[in-house]
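Source file: structure_37.txt; contents: compact mmCIF, N, CA and C atoms.
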# COMPACT_ATOMS: atom_id res chain seq x y z
N MET A 22 -20.71 12.52 -20.19
CA MET A 22 -21.08 11.79 -19.00
C MET A 22 -19.86 11.06 -18.47
N THR A 23 -19.48 11.40 -17.28
CA THR A 23 -18.37 10.67 -16.69
C THR A 23 -18.44 10.77 -15.18
N THR A 24 -18.00 9.75 -14.58
CA THR A 24 -17.89 9.67 -13.14
C THR A 24 -16.86 8.60 -12.84
N ASP A 25 -16.33 8.64 -11.65
CA ASP A 25 -15.35 7.62 -11.28
C ASP A 25 -16.02 6.32 -10.84
N ARG A 26 -17.31 6.40 -10.52
CA ARG A 26 -17.99 5.20 -10.06
C ARG A 26 -18.22 4.25 -11.23
N PRO A 27 -17.92 2.98 -11.04
CA PRO A 27 -18.06 2.03 -12.15
C PRO A 27 -19.52 1.66 -12.43
N ILE A 28 -19.71 1.10 -13.59
CA ILE A 28 -20.97 0.45 -13.96
C ILE A 28 -20.72 -1.04 -13.82
N LEU A 29 -21.60 -1.74 -13.15
CA LEU A 29 -21.51 -3.20 -13.08
C LEU A 29 -22.44 -3.77 -14.14
N LEU A 30 -21.86 -4.38 -15.17
CA LEU A 30 -22.60 -5.02 -16.24
C LEU A 30 -22.62 -6.51 -15.97
N VAL A 31 -23.80 -7.06 -15.71
CA VAL A 31 -23.93 -8.49 -15.42
C VAL A 31 -24.56 -9.12 -16.66
N GLU A 32 -23.71 -9.75 -17.47
CA GLU A 32 -24.12 -10.24 -18.79
C GLU A 32 -23.30 -11.48 -19.15
N ASP A 33 -23.98 -12.56 -19.47
CA ASP A 33 -23.27 -13.80 -19.81
C ASP A 33 -23.04 -13.99 -21.31
N ASN A 34 -23.74 -13.23 -22.14
CA ASN A 34 -23.61 -13.38 -23.58
C ASN A 34 -22.49 -12.46 -24.09
N PRO A 35 -21.40 -13.04 -24.64
CA PRO A 35 -20.28 -12.20 -25.09
C PRO A 35 -20.67 -11.19 -26.17
N ASP A 36 -21.61 -11.55 -27.03
CA ASP A 36 -22.05 -10.61 -28.08
C ASP A 36 -22.79 -9.43 -27.47
N ASP A 37 -23.68 -9.70 -26.50
CA ASP A 37 -24.40 -8.61 -25.83
C ASP A 37 -23.46 -7.75 -25.00
N GLU A 38 -22.46 -8.37 -24.39
CA GLU A 38 -21.46 -7.62 -23.64
C GLU A 38 -20.72 -6.65 -24.56
N ALA A 39 -20.24 -7.17 -25.70
CA ALA A 39 -19.50 -6.33 -26.65
C ALA A 39 -20.39 -5.21 -27.19
N LEU A 40 -21.63 -5.53 -27.47
CA LEU A 40 -22.58 -4.53 -27.98
C LEU A 40 -22.81 -3.43 -26.95
N THR A 41 -22.96 -3.81 -25.70
CA THR A 41 -23.18 -2.84 -24.63
C THR A 41 -21.95 -1.95 -24.44
N LEU A 42 -20.77 -2.55 -24.44
CA LEU A 42 -19.55 -1.77 -24.29
C LEU A 42 -19.37 -0.81 -25.47
N ARG A 43 -19.70 -1.27 -26.68
CA ARG A 43 -19.62 -0.40 -27.85
C ARG A 43 -20.63 0.76 -27.74
N ALA A 44 -21.81 0.46 -27.23
CA ALA A 44 -22.83 1.50 -27.04
C ALA A 44 -22.36 2.53 -26.01
N PHE A 45 -21.69 2.09 -24.95
CA PHE A 45 -21.13 3.03 -23.97
C PHE A 45 -20.15 3.97 -24.66
N THR A 46 -19.26 3.41 -25.48
CA THR A 46 -18.26 4.22 -26.18
C THR A 46 -18.92 5.21 -27.13
N LYS A 47 -19.89 4.75 -27.92
CA LYS A 47 -20.57 5.63 -28.87
C LYS A 47 -21.30 6.77 -28.16
N ASN A 48 -21.76 6.52 -26.94
CA ASN A 48 -22.49 7.53 -26.18
C ASN A 48 -21.58 8.32 -25.22
N ARG A 49 -20.27 8.11 -25.36
CA ARG A 49 -19.28 8.81 -24.53
C ARG A 49 -19.50 8.58 -23.03
N ILE A 50 -19.92 7.39 -22.70
CA ILE A 50 -20.04 7.02 -21.29
C ILE A 50 -18.69 6.47 -20.87
N ALA A 51 -17.99 7.26 -20.06
CA ALA A 51 -16.59 6.96 -19.75
C ALA A 51 -16.38 6.26 -18.42
N ASN A 52 -17.44 5.94 -17.73
CA ASN A 52 -17.30 5.24 -16.45
C ASN A 52 -16.55 3.93 -16.67
N PRO A 53 -15.74 3.53 -15.70
CA PRO A 53 -15.17 2.19 -15.81
C PRO A 53 -16.30 1.17 -15.78
N VAL A 54 -16.14 0.08 -16.50
CA VAL A 54 -17.16 -0.96 -16.54
C VAL A 54 -16.56 -2.24 -15.98
N VAL A 55 -17.24 -2.80 -15.00
CA VAL A 55 -16.88 -4.10 -14.45
C VAL A 55 -17.88 -5.09 -15.03
N VAL A 56 -17.39 -6.15 -15.65
CA VAL A 56 -18.27 -7.15 -16.25
C VAL A 56 -18.26 -8.40 -15.38
N ALA A 57 -19.45 -8.83 -15.01
CA ALA A 57 -19.63 -10.11 -14.32
C ALA A 57 -20.41 -11.00 -15.28
N ARG A 58 -19.91 -12.21 -15.53
CA ARG A 58 -20.51 -13.07 -16.55
C ARG A 58 -21.51 -14.08 -16.00
N ASP A 59 -21.75 -14.03 -14.71
CA ASP A 59 -22.80 -14.84 -14.10
C ASP A 59 -23.17 -14.23 -12.75
N GLY A 60 -24.21 -14.77 -12.14
CA GLY A 60 -24.68 -14.21 -10.88
C GLY A 60 -23.70 -14.32 -9.74
N VAL A 61 -22.92 -15.38 -9.71
CA VAL A 61 -21.93 -15.55 -8.65
C VAL A 61 -20.86 -14.45 -8.75
N GLU A 62 -20.37 -14.20 -9.96
CA GLU A 62 -19.37 -13.14 -10.15
C GLU A 62 -19.92 -11.78 -9.72
N ALA A 63 -21.18 -11.52 -10.05
CA ALA A 63 -21.79 -10.24 -9.68
C ALA A 63 -21.84 -10.09 -8.16
N LEU A 64 -22.28 -11.12 -7.48
CA LEU A 64 -22.37 -11.06 -6.01
C LEU A 64 -20.99 -10.98 -5.37
N ASP A 65 -20.02 -11.72 -5.93
CA ASP A 65 -18.64 -11.63 -5.42
C ASP A 65 -18.12 -10.20 -5.51
N TYR A 66 -18.38 -9.54 -6.64
CA TYR A 66 -17.94 -8.16 -6.80
C TYR A 66 -18.63 -7.24 -5.79
N LEU A 67 -19.93 -7.35 -5.69
CA LEU A 67 -20.69 -6.45 -4.82
C LEU A 67 -20.35 -6.63 -3.35
N PHE A 68 -20.11 -7.88 -2.94
CA PHE A 68 -19.92 -8.15 -1.52
C PHE A 68 -18.46 -8.43 -1.13
N GLY A 69 -17.54 -8.28 -2.09
CA GLY A 69 -16.12 -8.45 -1.79
C GLY A 69 -15.76 -9.86 -1.38
N THR A 70 -16.29 -10.83 -2.11
CA THR A 70 -15.98 -12.23 -1.84
C THR A 70 -15.34 -12.85 -3.08
N GLY A 71 -14.94 -14.12 -2.97
CA GLY A 71 -14.34 -14.80 -4.12
C GLY A 71 -13.12 -14.06 -4.63
N ARG A 72 -13.03 -13.89 -5.94
CA ARG A 72 -11.85 -13.23 -6.51
C ARG A 72 -11.83 -11.72 -6.25
N HIS A 73 -12.89 -11.18 -5.66
CA HIS A 73 -12.95 -9.76 -5.30
C HIS A 73 -12.80 -9.56 -3.80
N LEU A 74 -12.13 -10.49 -3.15
CA LEU A 74 -12.02 -10.51 -1.69
C LEU A 74 -11.47 -9.21 -1.11
N ASN A 75 -10.52 -8.58 -1.75
CA ASN A 75 -9.91 -7.37 -1.19
C ASN A 75 -10.43 -6.09 -1.83
N ARG A 76 -11.56 -6.17 -2.53
CA ARG A 76 -12.10 -4.98 -3.18
C ARG A 76 -12.58 -3.97 -2.14
N ASP A 77 -12.38 -2.69 -2.44
CA ASP A 77 -12.83 -1.61 -1.56
C ASP A 77 -14.35 -1.50 -1.66
N LEU A 78 -15.05 -1.93 -0.64
CA LEU A 78 -16.52 -1.95 -0.68
C LEU A 78 -17.14 -0.56 -0.49
N SER A 79 -16.32 0.43 -0.22
CA SER A 79 -16.88 1.79 -0.15
C SER A 79 -17.12 2.35 -1.55
N GLN A 80 -16.56 1.70 -2.56
CA GLN A 80 -16.71 2.14 -3.95
C GLN A 80 -17.72 1.21 -4.65
N MET A 81 -19.00 1.53 -4.49
CA MET A 81 -20.06 0.73 -5.12
C MET A 81 -20.34 1.27 -6.52
N PRO A 82 -20.92 0.44 -7.37
CA PRO A 82 -21.22 0.91 -8.73
C PRO A 82 -22.26 2.03 -8.74
N ALA A 83 -22.17 2.87 -9.78
CA ALA A 83 -23.18 3.91 -9.98
C ALA A 83 -24.51 3.28 -10.35
N VAL A 84 -24.45 2.18 -11.09
CA VAL A 84 -25.65 1.46 -11.51
C VAL A 84 -25.25 0.01 -11.83
N VAL A 85 -26.18 -0.89 -11.59
CA VAL A 85 -26.01 -2.30 -11.96
C VAL A 85 -26.94 -2.57 -13.14
N LEU A 86 -26.36 -3.02 -14.25
CA LEU A 86 -27.15 -3.44 -15.41
C LEU A 86 -27.21 -4.96 -15.37
N LEU A 87 -28.38 -5.49 -15.12
CA LEU A 87 -28.54 -6.90 -14.77
C LEU A 87 -29.37 -7.67 -15.79
N ASP A 88 -28.74 -8.66 -16.41
CA ASP A 88 -29.47 -9.59 -17.26
C ASP A 88 -30.19 -10.57 -16.34
N LEU A 89 -31.27 -11.17 -16.81
CA LEU A 89 -32.01 -12.12 -15.98
C LEU A 89 -31.56 -13.55 -16.16
N LYS A 90 -31.33 -13.93 -17.40
CA LYS A 90 -31.01 -15.33 -17.72
C LYS A 90 -29.51 -15.52 -17.60
N LEU A 91 -29.05 -15.85 -16.39
CA LEU A 91 -27.63 -16.00 -16.11
C LEU A 91 -27.32 -17.41 -15.61
N PRO A 92 -26.10 -17.89 -15.87
CA PRO A 92 -25.70 -19.17 -15.29
C PRO A 92 -25.41 -19.05 -13.79
N ARG A 93 -25.41 -20.18 -13.15
CA ARG A 93 -25.07 -20.36 -11.73
C ARG A 93 -26.11 -19.74 -10.80
N ILE A 94 -26.28 -18.44 -10.81
CA ILE A 94 -27.34 -17.78 -10.04
C ILE A 94 -28.03 -16.82 -11.00
N ASP A 95 -29.34 -16.94 -11.14
CA ASP A 95 -30.04 -16.09 -12.12
C ASP A 95 -30.19 -14.66 -11.63
N GLY A 96 -30.57 -13.78 -12.55
CA GLY A 96 -30.65 -12.36 -12.26
C GLY A 96 -31.64 -12.01 -11.17
N LEU A 97 -32.76 -12.70 -11.12
CA LEU A 97 -33.74 -12.40 -10.06
C LEU A 97 -33.19 -12.72 -8.68
N GLU A 98 -32.43 -13.80 -8.57
CA GLU A 98 -31.82 -14.13 -7.28
C GLU A 98 -30.72 -13.11 -6.92
N VAL A 99 -29.97 -12.66 -7.92
CA VAL A 99 -28.97 -11.61 -7.68
C VAL A 99 -29.68 -10.36 -7.14
N LEU A 100 -30.76 -9.98 -7.78
CA LEU A 100 -31.54 -8.81 -7.34
C LEU A 100 -32.06 -9.01 -5.92
N ARG A 101 -32.57 -10.17 -5.62
CA ARG A 101 -33.08 -10.48 -4.28
C ARG A 101 -31.96 -10.27 -3.24
N ARG A 102 -30.77 -10.76 -3.53
CA ARG A 102 -29.66 -10.64 -2.57
C ARG A 102 -29.14 -9.20 -2.46
N ILE A 103 -29.17 -8.47 -3.56
CA ILE A 103 -28.78 -7.05 -3.51
C ILE A 103 -29.71 -6.30 -2.58
N ARG A 104 -31.00 -6.50 -2.72
CA ARG A 104 -31.98 -5.77 -1.91
C ARG A 104 -32.01 -6.24 -0.46
N ALA A 105 -31.55 -7.44 -0.20
CA ALA A 105 -31.59 -7.99 1.16
C ALA A 105 -30.42 -7.51 2.03
N ASP A 106 -29.41 -6.91 1.44
CA ASP A 106 -28.22 -6.51 2.20
C ASP A 106 -28.19 -4.99 2.33
N VAL A 107 -28.00 -4.49 3.54
CA VAL A 107 -28.03 -3.05 3.80
C VAL A 107 -26.96 -2.31 2.99
N ARG A 108 -25.84 -2.98 2.69
CA ARG A 108 -24.75 -2.32 1.95
C ARG A 108 -25.12 -2.05 0.49
N THR A 109 -26.06 -2.82 -0.05
CA THR A 109 -26.39 -2.71 -1.48
C THR A 109 -27.87 -2.44 -1.73
N ALA A 110 -28.66 -2.37 -0.69
CA ALA A 110 -30.11 -2.27 -0.84
C ALA A 110 -30.56 -1.06 -1.66
N LEU A 111 -29.79 0.01 -1.63
CA LEU A 111 -30.19 1.23 -2.32
C LEU A 111 -29.52 1.41 -3.69
N LEU A 112 -28.71 0.44 -4.11
CA LEU A 112 -28.04 0.55 -5.41
C LEU A 112 -29.06 0.58 -6.54
N PRO A 113 -28.90 1.47 -7.52
CA PRO A 113 -29.78 1.43 -8.68
C PRO A 113 -29.52 0.15 -9.49
N VAL A 114 -30.57 -0.61 -9.72
CA VAL A 114 -30.47 -1.83 -10.51
C VAL A 114 -31.44 -1.73 -11.68
N VAL A 115 -30.87 -1.78 -12.88
CA VAL A 115 -31.65 -1.75 -14.11
C VAL A 115 -31.58 -3.13 -14.73
N VAL A 116 -32.73 -3.77 -14.88
CA VAL A 116 -32.77 -5.05 -15.57
C VAL A 116 -32.70 -4.74 -17.06
N LEU A 117 -31.69 -5.31 -17.72
CA LEU A 117 -31.47 -5.11 -19.15
C LEU A 117 -31.43 -6.50 -19.77
N THR A 118 -32.53 -6.88 -20.41
CA THR A 118 -32.70 -8.27 -20.80
C THR A 118 -33.48 -8.39 -22.11
N THR A 119 -33.49 -9.57 -22.67
CA THR A 119 -34.29 -9.83 -23.87
C THR A 119 -35.68 -10.35 -23.51
N SER A 120 -35.90 -10.68 -22.25
CA SER A 120 -37.16 -11.30 -21.84
C SER A 120 -38.35 -10.34 -21.94
N ARG A 121 -39.41 -10.84 -22.59
CA ARG A 121 -40.68 -10.11 -22.65
C ARG A 121 -41.71 -10.72 -21.70
N GLU A 122 -41.30 -11.72 -20.96
CA GLU A 122 -42.22 -12.44 -20.08
C GLU A 122 -42.79 -11.52 -19.01
N GLN A 123 -44.11 -11.42 -18.95
CA GLN A 123 -44.74 -10.58 -17.94
C GLN A 123 -44.37 -11.01 -16.53
N GLN A 124 -44.17 -12.31 -16.32
CA GLN A 124 -43.78 -12.79 -15.00
C GLN A 124 -42.41 -12.26 -14.61
N ASP A 125 -41.47 -12.21 -15.57
CA ASP A 125 -40.14 -11.66 -15.28
C ASP A 125 -40.22 -10.18 -14.92
N ILE A 126 -41.04 -9.43 -15.67
CA ILE A 126 -41.21 -8.01 -15.40
C ILE A 126 -41.80 -7.81 -14.00
N HIS A 127 -42.85 -8.55 -13.71
CA HIS A 127 -43.50 -8.46 -12.39
C HIS A 127 -42.52 -8.83 -11.28
N ASP A 128 -41.81 -9.95 -11.45
CA ASP A 128 -40.87 -10.40 -10.41
C ASP A 128 -39.74 -9.39 -10.20
N ALA A 129 -39.23 -8.84 -11.30
CA ALA A 129 -38.13 -7.87 -11.18
C ALA A 129 -38.57 -6.65 -10.37
N TYR A 130 -39.72 -6.11 -10.72
CA TYR A 130 -40.20 -4.93 -9.96
C TYR A 130 -40.56 -5.31 -8.52
N SER A 131 -41.14 -6.48 -8.32
CA SER A 131 -41.48 -6.91 -6.96
C SER A 131 -40.25 -7.06 -6.08
N LEU A 132 -39.14 -7.43 -6.69
CA LEU A 132 -37.89 -7.60 -5.94
C LEU A 132 -37.10 -6.29 -5.81
N GLY A 133 -37.59 -5.22 -6.40
CA GLY A 133 -36.96 -3.92 -6.20
C GLY A 133 -36.14 -3.39 -7.35
N ALA A 134 -36.32 -3.91 -8.56
CA ALA A 134 -35.63 -3.32 -9.71
C ALA A 134 -36.07 -1.87 -9.87
N ASN A 135 -35.14 -1.01 -10.23
CA ASN A 135 -35.47 0.40 -10.45
C ASN A 135 -36.04 0.63 -11.84
N SER A 136 -35.70 -0.26 -12.77
CA SER A 136 -36.16 -0.13 -14.14
C SER A 136 -36.04 -1.49 -14.82
N TYR A 137 -36.86 -1.69 -15.85
CA TYR A 137 -36.83 -2.93 -16.63
C TYR A 137 -36.79 -2.50 -18.10
N ILE A 138 -35.69 -2.80 -18.77
CA ILE A 138 -35.52 -2.42 -20.16
C ILE A 138 -35.27 -3.66 -20.99
N ARG A 139 -36.08 -3.82 -22.03
CA ARG A 139 -35.88 -4.92 -22.95
C ARG A 139 -34.86 -4.47 -23.99
N LYS A 140 -33.84 -5.30 -24.22
CA LYS A 140 -32.79 -4.97 -25.17
C LYS A 140 -33.37 -4.90 -26.57
N PRO A 141 -33.23 -3.76 -27.22
CA PRO A 141 -33.67 -3.68 -28.62
C PRO A 141 -32.80 -4.57 -29.51
N VAL A 142 -33.38 -5.18 -30.53
CA VAL A 142 -32.64 -6.03 -31.45
C VAL A 142 -31.82 -5.17 -32.41
N ASP A 143 -32.38 -4.06 -32.84
CA ASP A 143 -31.72 -3.16 -33.79
C ASP A 143 -30.57 -2.43 -33.10
N PHE A 144 -29.38 -2.46 -33.73
CA PHE A 144 -28.19 -1.86 -33.11
C PHE A 144 -28.35 -0.37 -32.86
N GLU A 145 -28.87 0.38 -33.82
CA GLU A 145 -29.02 1.82 -33.64
C GLU A 145 -29.98 2.14 -32.49
N ARG A 146 -31.03 1.37 -32.41
CA ARG A 146 -32.00 1.55 -31.29
C ARG A 146 -31.34 1.20 -29.96
N PHE A 147 -30.50 0.16 -29.97
CA PHE A 147 -29.78 -0.23 -28.76
C PHE A 147 -28.84 0.90 -28.32
N ILE A 148 -28.14 1.51 -29.28
CA ILE A 148 -27.24 2.63 -28.97
C ILE A 148 -28.03 3.77 -28.31
N GLN A 149 -29.20 4.09 -28.88
CA GLN A 149 -30.05 5.15 -28.31
C GLN A 149 -30.50 4.79 -26.90
N THR A 150 -30.92 3.55 -26.73
CA THR A 150 -31.40 3.10 -25.42
C THR A 150 -30.31 3.21 -24.36
N VAL A 151 -29.11 2.76 -24.69
CA VAL A 151 -28.00 2.84 -23.74
C VAL A 151 -27.64 4.30 -23.45
N GLY A 152 -27.71 5.15 -24.46
CA GLY A 152 -27.45 6.57 -24.25
C GLY A 152 -28.44 7.20 -23.28
N GLN A 153 -29.72 6.88 -23.45
CA GLN A 153 -30.75 7.40 -22.56
C GLN A 153 -30.58 6.84 -21.15
N LEU A 154 -30.27 5.56 -21.08
CA LEU A 154 -30.04 4.92 -19.79
C LEU A 154 -28.87 5.61 -19.08
N GLY A 155 -27.78 5.82 -19.81
CA GLY A 155 -26.62 6.49 -19.22
C GLY A 155 -26.92 7.91 -18.79
N MET A 156 -27.62 8.64 -19.63
CA MET A 156 -27.96 10.03 -19.30
C MET A 156 -28.75 10.09 -17.99
N TYR A 157 -29.73 9.22 -17.87
CA TYR A 157 -30.55 9.25 -16.66
C TYR A 157 -29.77 8.78 -15.43
N TRP A 158 -29.25 7.55 -15.48
CA TRP A 158 -28.68 6.95 -14.27
C TRP A 158 -27.33 7.52 -13.89
N LEU A 159 -26.58 8.07 -14.86
CA LEU A 159 -25.23 8.56 -14.55
C LEU A 159 -25.16 10.08 -14.44
N SER A 160 -26.14 10.78 -15.00
CA SER A 160 -26.09 12.24 -14.97
C SER A 160 -27.24 12.88 -14.19
N LEU A 161 -28.45 12.44 -14.43
CA LEU A 161 -29.62 13.09 -13.84
C LEU A 161 -30.01 12.54 -12.48
N ASN A 162 -29.92 11.24 -12.31
CA ASN A 162 -30.37 10.60 -11.08
C ASN A 162 -29.49 11.00 -9.89
N GLU A 163 -30.13 11.30 -8.77
CA GLU A 163 -29.42 11.57 -7.52
C GLU A 163 -29.50 10.31 -6.67
N PRO A 164 -28.38 9.59 -6.55
CA PRO A 164 -28.42 8.33 -5.81
C PRO A 164 -28.48 8.53 -4.30
N ALA A 165 -29.11 7.60 -3.64
CA ALA A 165 -29.11 7.59 -2.17
C ALA A 165 -27.79 6.99 -1.72
N GLU A 166 -27.25 7.52 -0.68
CA GLU A 166 -26.01 6.97 -0.14
C GLU A 166 -26.34 5.84 0.82
N ALA A 167 -25.60 4.76 0.72
CA ALA A 167 -25.80 3.62 1.61
C ALA A 167 -25.32 4.01 3.02
N PRO A 168 -25.98 3.50 4.04
CA PRO A 168 -25.53 3.80 5.41
C PRO A 168 -24.17 3.14 5.67
N LEU A 169 -23.39 3.78 6.49
CA LEU A 169 -22.09 3.20 6.87
C LEU A 169 -22.34 2.07 7.85
N VAL A 170 -21.68 0.96 7.58
CA VAL A 170 -21.80 -0.22 8.47
C VAL A 170 -20.50 -0.56 9.10
Just dump the structure as structure tokens.
Amino acid sequence: MTTDRPILLVEDNPDDEALTLRAFTKNRIANPVVVARDGVEALDYLFGTGRHLNRDLSQMPAVVLLDLKLPRIDGLEVLRRIRADVRTALLPVVVLTTSREQQDIHDAYSLGANSYIRKPVDFERFIQTVGQLGMYWLSLNEPAEAPLV
């Protein structure tokens, strides 16, 4: 599995970040990975603001892996803003979180999440989950192209 389009990993926990990156390597997912450690960083990357001011906005991520419990701006608000902007409205967003709260699941889907995956605690199960996620979103899924603005 490889493509030039990056994966945007929005994760504030350094252990979960390292685990996810290790799972990508074990599953031979070679896409570049951009890590945003809070909601503000994620939005700055997507919309070319803040420290990503000169980023080429024609190169959007293949998929956004979004944690919900984030500092500064939480994951649900990030999702709301992604779906509200024509440049990012069609981006695949997978919520990847530890939350089992039915309200979080409902809110994520109501705001337009493409998938909601609870992070498995077991490392081997996590590796399998990331492999399946990568196979689907990076190889099988046919993404919609955003309209030119």
Practice item. Enter the distance from atom C of Leu117 (chain A) to atom C of Gly69 (chain A), in Å, rounded to one decimal. Key: 24.4 Å
Can you check which parts of region 37-108 of chain A lie within 6.5 Å of region 141-154 of chain A? Per residue, the shortest pair of atoms and distance in Å to one decimal, counting all atoms listed in the file, sorted by chain and number, as a tab-separated table.
residue	atom	partner	partner_atom	distance
A:Ala44	CA	A:Ile148	CA	4.9
A:Phe45	N	A:Val151	CA	6.5
A:Asn48	CA	A:Gly152	CA	5.4
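Between atom N of Leu159 (chain A) and atom N of Leu111 (chain A) the interatomic distance comes to 15.8 Å.
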**Study point:** Distance query Glu62 (chain A) at most 8 Å, only N, CA and C atoms, self and fewer than 6 positions along chain excluded, as a ChimeraX atom specification
**Key:** /A:31,56,68,72,92-94
Exercise for review: Using DSSP on the backbone coordinates, identify the residues of chain A assigned to strand (DSSP E); present them as an NGL selection string.
Suggested key: :A and (28-31 or 54-57 or 84-87 or 114-118 or 136-139)
Study note, to complete from the structure: Expressed in Å, the length from atom N of Leu112 (chain A) to atom N of Asp36 (chain A) is 26.8 Å
Exercise for review: Identify, on the basis of only C-alpha atoms, every residue whose closest approach to Leu78 (chain A) does not exceed 9 Å; exclude the query and any residue fewer than 2 positions from it along the same chain; express the result as a ChimeraX atom specification.
Suggested key: /A:66-69,75-76,80-81,108
Can I get the selected residues back with N, CA and C atoms, as a PDB file, keeping the file's coordinate frame?
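Listing of again15.pdb after writing:
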ATOM      1  N   TYR A  66     -18.380  -9.540  -6.640  1.00  0.00           N
ATOM      2  CA  TYR A  66     -17.940  -8.160  -6.800  1.00  0.00           C
ATOM      3  C   TYR A  66     -18.630  -7.240  -5.790  1.00  0.00           C
ATOM      4  N   LEU A  67     -19.930  -7.350  -5.690  1.00  0.00           N
ATOM      5  CA  LEU A  67     -20.690  -6.450  -4.820  1.00  0.00           C
ATOM      6  C   LEU A  67     -20.350  -6.630  -3.350  1.00  0.00           C
ATOM      7  N   PHE A  68     -20.110  -7.880  -2.940  1.00  0.00           N
ATOM      8  CA  PHE A  68     -19.920  -8.150  -1.520  1.00  0.00           C
ATOM      9  C   PHE A  68     -18.460  -8.430  -1.130  1.00  0.00           C
ATOM     10  N   GLY A  69     -17.540  -8.280  -2.090  1.00  0.00           N
ATOM     11  CA  GLY A  69     -16.120  -8.450  -1.790  1.00  0.00           C
ATOM     12  C   GLY A  69     -15.760  -9.860  -1.380  1.00  0.00           C
ATOM     13  N   ASN A  75     -10.520  -8.580  -1.750  1.00  0.00           N
ATOM     14  CA  ASN A  75      -9.910  -7.370  -1.190  1.00  0.00           C
ATOM     15  C   ASN A  75     -10.430  -6.090  -1.830  1.00  0.00           C
ATOM     16  N   ARG A  76     -11.560  -6.170  -2.530  1.00  0.00           N
ATOM     17  CA  ARG A  76     -12.100  -4.980  -3.180  1.00  0.00           C
ATOM     18  C   ARG A  76     -12.580  -3.970  -2.140  1.00  0.00           C
ATOM     19  N   GLN A  80     -16.560   1.700  -2.560  1.00  0.00           N
ATOM     20  CA  GLN A  80     -16.710   2.140  -3.950  1.00  0.00           C
ATOM     21  C   GLN A  80     -17.720   1.210  -4.650  1.00  0.00           C
ATOM     22  N   MET A  81     -19.000   1.530  -4.490  1.00  0.00           N
ATOM     23  CA  MET A  81     -20.060   0.730  -5.120  1.00  0.00           C
ATOM     24  C   MET A  81     -20.340   1.270  -6.520  1.00  0.00           C
ATOM     25  N   ARG A 108     -25.840  -2.980   2.690  1.00  0.00           N
ATOM     26  CA  ARG A 108     -24.750  -2.320   1.950  1.00  0.00           C
ATOM     27  C   ARG A 108     -25.120  -2.050   0.490  1.00  0.00           C
TER      28      ARG A 108
END
Exercise for review: Counting only N, CA and C atoms, figure out which residue out of A:Leu86, A:Ile103, A:Ile138, A:Leu91 gets nearest to Leu64 (chain A).
Suggested key: A:Ile103
Point to revise | Picked from chain A by DSSP as helix (DSSP H, G or I), as a VMD selection string | key: chain A and resid 35 to 47 60 to 68 71 to 73 96 to 105 123 to 131 144 to 161
Practice item. Identify which of the residues A:Ser79, A:Pro113, A:Arg43, A:Thr118 lies closest to Asn135 (chain A), counting only N, CA and C atoms when measuring atom-to-atom distances. Key: A:Pro113
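Closest approach to Arg101 (chain A) among A:Met156, A:Ala134, A:Leu74, A:Val54: A:Ala134, based on only C-alpha atoms.
The closest residue to Val115 (chain A), picked from A:Ser136, A:Ala51, A:Tyr130, A:Val99 and counting all atoms listed in the file, is A:Ser136.
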